[in-house]
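Let me begin by presenting the structure, written as structure tokens, before commenting on it.
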Amino acid sequence: MLKKLASYSVLYAEDEAGVRKNVYELLGLLFKEVYLATDGEEAYKLFVEHKPDLIITDIKMPHLSGIDLAKKIRENDQKADIIIITAYTEVDFMLEAIELSLLRYIVKPITEPKLFDALEKFLQAKEKAHLQELAPNWYYDSLQKTITHESDIYELTKKEARFIELLLQKDSIISYEEIEQKLWESEYMSLNALRLMIKNLRKKLPEGTLKNIQGIGYKL
């Protein structure tokens, strides 16, 4: 888990100095970047400026509460991953949490097991968002640039990954001209080079997934 978190950034908002210092130091060991806020308004400004991958906020803060911060974020971003730290377990809070589609809430006191459990949930959500199904039990991971099938993982070259992404984005035939333009860019694409890439890529895909439309291009 530690290695995976190192590629993400986090915004942490907490007004209590002692708690803030301890959690900030721990997050600093785990994440690529940690943006620190002491109140809700500062947290929102940092969110707008940096667009962190994860927001962790205390519920009770000056100027803007954690709930109000989450509401403000949701006005412009429905997918942001938000974890709220709270001392409350009342029904009213639970209803608001459901409406805001929070990734998780942590009931105080904050402990390492509670925090790690929430961070594991964050990683699971991120990994799921990066996976696209190619065939039953076959997935393309846009973050790792790999194709997975059960316990097998196939690493893709830069061109192979870009080709798969084009096919998934367009969901139709990709012409030879588009392949040359998007994959080879300013380089010349020979037929032999294209055939070799397709041959190698097919070894990493289920049989029959990648189809050649003669004289036009390829499709999934």
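Quick note on naming: the chains in the structure tokens go A, B, ... in the order shown, residues restart at 1 in each chain, and ligands are numbered from 1 in order of appearance.
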Shell around Ala87 of chain A at 9 Å using only C-alpha atoms, local window under 3 positions removed, as a ChimeraX atom specification: /A:59-60,106-109
Please identify which residues in segment 13-87 of chain A DSSP calls alpha helix (DSSP H) from the backbone, and express them as number ranges by chain. A: 17-30, 40-50, 66-76
Near segment 27-41 of chain A, counting only C-alpha atoms, which residues have an atom at most 6 Å away, once you skip same-chain residues fewer than 4 positions from it, shown as an NGL selection string? :A and (2 or 5-15 or 61-62 or 64-65 or 69)
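Excluding segment 94-101 of chain A and any residue on its chain fewer than 6 positions from it, the residues at most 12 Å away by only C-alpha atoms are Ile59, Gly66, Ile67, Asp68, Leu69, Ala70, Lys71, Lys72, Ile73, Arg74, Glu75, Asp77, Gln78, Lys79, Ala80, Asp81, Ile82, Ile83, Ile84, Ile85, Thr86, Ala87, Tyr88 and Val107 of chain A.
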Write the residues of the preceding selection, restricted to N, CA and C atoms, as a short mmCIF file (atom, residue, chain, number, x, y, z; two decimals), in the first residue's frame.
data_model
loop_
_atom_site.label_atom_id
_atom_site.label_comp_id
_atom_site.auth_asym_id
_atom_site.auth_seq_id
_atom_site.Cartn_x
_atom_site.Cartn_y
_atom_site.Cartn_z
N ILE A 59 -14.47 17.39 10.68
CA ILE A 59 -15.84 17.88 10.47
C ILE A 59 -16.06 19.25 11.11
N GLY A 66 -16.27 20.74 7.88
CA GLY A 66 -15.91 19.68 6.95
C GLY A 66 -17.07 19.31 6.03
N ILE A 67 -18.28 19.28 6.58
CA ILE A 67 -19.47 18.98 5.77
C ILE A 67 -19.69 20.07 4.73
N ASP A 68 -19.59 21.34 5.15
CA ASP A 68 -19.79 22.44 4.20
C ASP A 68 -18.67 22.49 3.15
N LEU A 69 -17.46 22.13 3.56
CA LEU A 69 -16.36 22.03 2.60
C LEU A 69 -16.67 20.97 1.55
N ALA A 70 -17.14 19.81 2.01
CA ALA A 70 -17.49 18.73 1.08
C ALA A 70 -18.61 19.16 0.14
N LYS A 71 -19.61 19.87 0.68
CA LYS A 71 -20.71 20.36 -0.16
C LYS A 71 -20.20 21.31 -1.24
N LYS A 72 -19.29 22.19 -0.85
CA LYS A 72 -18.74 23.17 -1.79
C LYS A 72 -17.93 22.48 -2.88
N ILE A 73 -17.17 21.48 -2.49
CA ILE A 73 -16.40 20.71 -3.47
C ILE A 73 -17.33 19.98 -4.43
N ARG A 74 -18.41 19.43 -3.89
CA ARG A 74 -19.36 18.66 -4.71
C ARG A 74 -20.10 19.55 -5.73
N GLU A 75 -20.14 20.85 -5.51
CA GLU A 75 -20.79 21.74 -6.47
C GLU A 75 -20.09 21.71 -7.82
N ASP A 77 -17.29 19.24 -8.39
CA ASP A 77 -16.58 17.98 -8.58
C ASP A 77 -17.34 16.85 -7.88
N GLN A 78 -18.01 16.03 -8.66
CA GLN A 78 -18.80 14.93 -8.11
C GLN A 78 -17.96 13.69 -7.81
N LYS A 79 -16.72 13.67 -8.31
CA LYS A 79 -15.92 12.45 -8.20
C LYS A 79 -14.78 12.55 -7.18
N ALA A 80 -14.57 13.72 -6.61
CA ALA A 80 -13.46 13.88 -5.66
C ALA A 80 -13.61 12.91 -4.49
N ASP A 81 -12.51 12.28 -4.10
CA ASP A 81 -12.52 11.34 -2.98
C ASP A 81 -12.35 12.11 -1.67
N ILE A 82 -13.36 12.03 -0.80
CA ILE A 82 -13.37 12.80 0.44
C ILE A 82 -13.55 11.87 1.65
N ILE A 83 -12.67 12.03 2.63
CA ILE A 83 -12.77 11.33 3.90
C ILE A 83 -13.00 12.38 4.99
N ILE A 84 -14.03 12.20 5.80
CA ILE A 84 -14.31 13.14 6.89
C ILE A 84 -14.01 12.47 8.24
N ILE A 85 -13.32 13.23 9.10
CA ILE A 85 -13.02 12.77 10.46
C ILE A 85 -14.03 13.41 11.40
N THR A 86 -14.71 12.61 12.18
CA THR A 86 -15.82 13.13 12.98
C THR A 86 -15.90 12.47 14.36
N ALA A 87 -16.48 13.20 15.29
CA ALA A 87 -16.78 12.63 16.61
C ALA A 87 -18.24 12.20 16.66
N TYR A 88 -18.95 12.45 15.57
CA TYR A 88 -20.40 12.20 15.54
C TYR A 88 -20.74 10.89 14.83
N VAL A 107 -14.30 7.84 12.69
CA VAL A 107 -14.78 8.30 14.00
C VAL A 107 -13.58 8.47 14.93
#
Would you return as a VMD selection string the members of segment 127-203 of chain A that DSSP assigns to strand (DSSP E) on this structure's backbone? chain A and resid 131 to 135 138 to 141 146 to 149 152 to 155 174 to 175
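Counting only C-alpha atoms, the residue from A:Leu26, A:Met189, A:Leu134, A:Leu123 that sits nearest to Leu205 of chain A is A:Leu134.
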Which residue is closest to Lys199 of chain A? Choose from A:Leu115, A:Lys211, A:Lys182, A:Lys45 and count only C-alpha atoms. A:Lys211
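Between Pro136 of chain A and the residues A:Thr157, A:Thr148, A:Thr111, A:Gln181, the shortest atom-to-atom distance, using only C-alpha atoms, involves A:Thr148.
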Any idea what's packed within 8 Å of Leu167 of chain A, counting only C-alpha atoms, ignoring anything in its chain fewer than 5 positions away? Could you give it as a PyMOL selection string? chain A and resi 172-174+219-220
For those residues, write C-alpha atoms to a file as a short mmCIF file (atom, residue, chain, number, x, y, z; two decimals), in the first residue's frame.
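Writing done, so here's part_17.cif:
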data_model
loop_
_atom_site.label_atom_id
_atom_site.label_comp_id
_atom_site.auth_asym_id
_atom_site.auth_seq_id
_atom_site.Cartn_x
_atom_site.Cartn_y
_atom_site.Cartn_z
CA SER A 172 -15.02 2.10 -33.24
CA ILE A 173 -12.50 1.48 -36.02
CA ILE A 174 -9.13 3.23 -35.69
CA LYS A 219 -11.15 -2.29 -33.68
CA LEU A 220 -11.84 -4.16 -30.45
#
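The closest residue to Leu210 of chain A, picked from A:Asn137, A:Ile55, A:Phe163, A:Gln124 and counting only C-alpha atoms, is A:Phe163.
Atom CA of Glu120 of chain A lies 22.3 Å from atom CA of Glu133 of chain A.
Taking atom CA of Thr146 of chain A as the reference point, atom CA of Ala161 of chain A is found at 7.6 Å.
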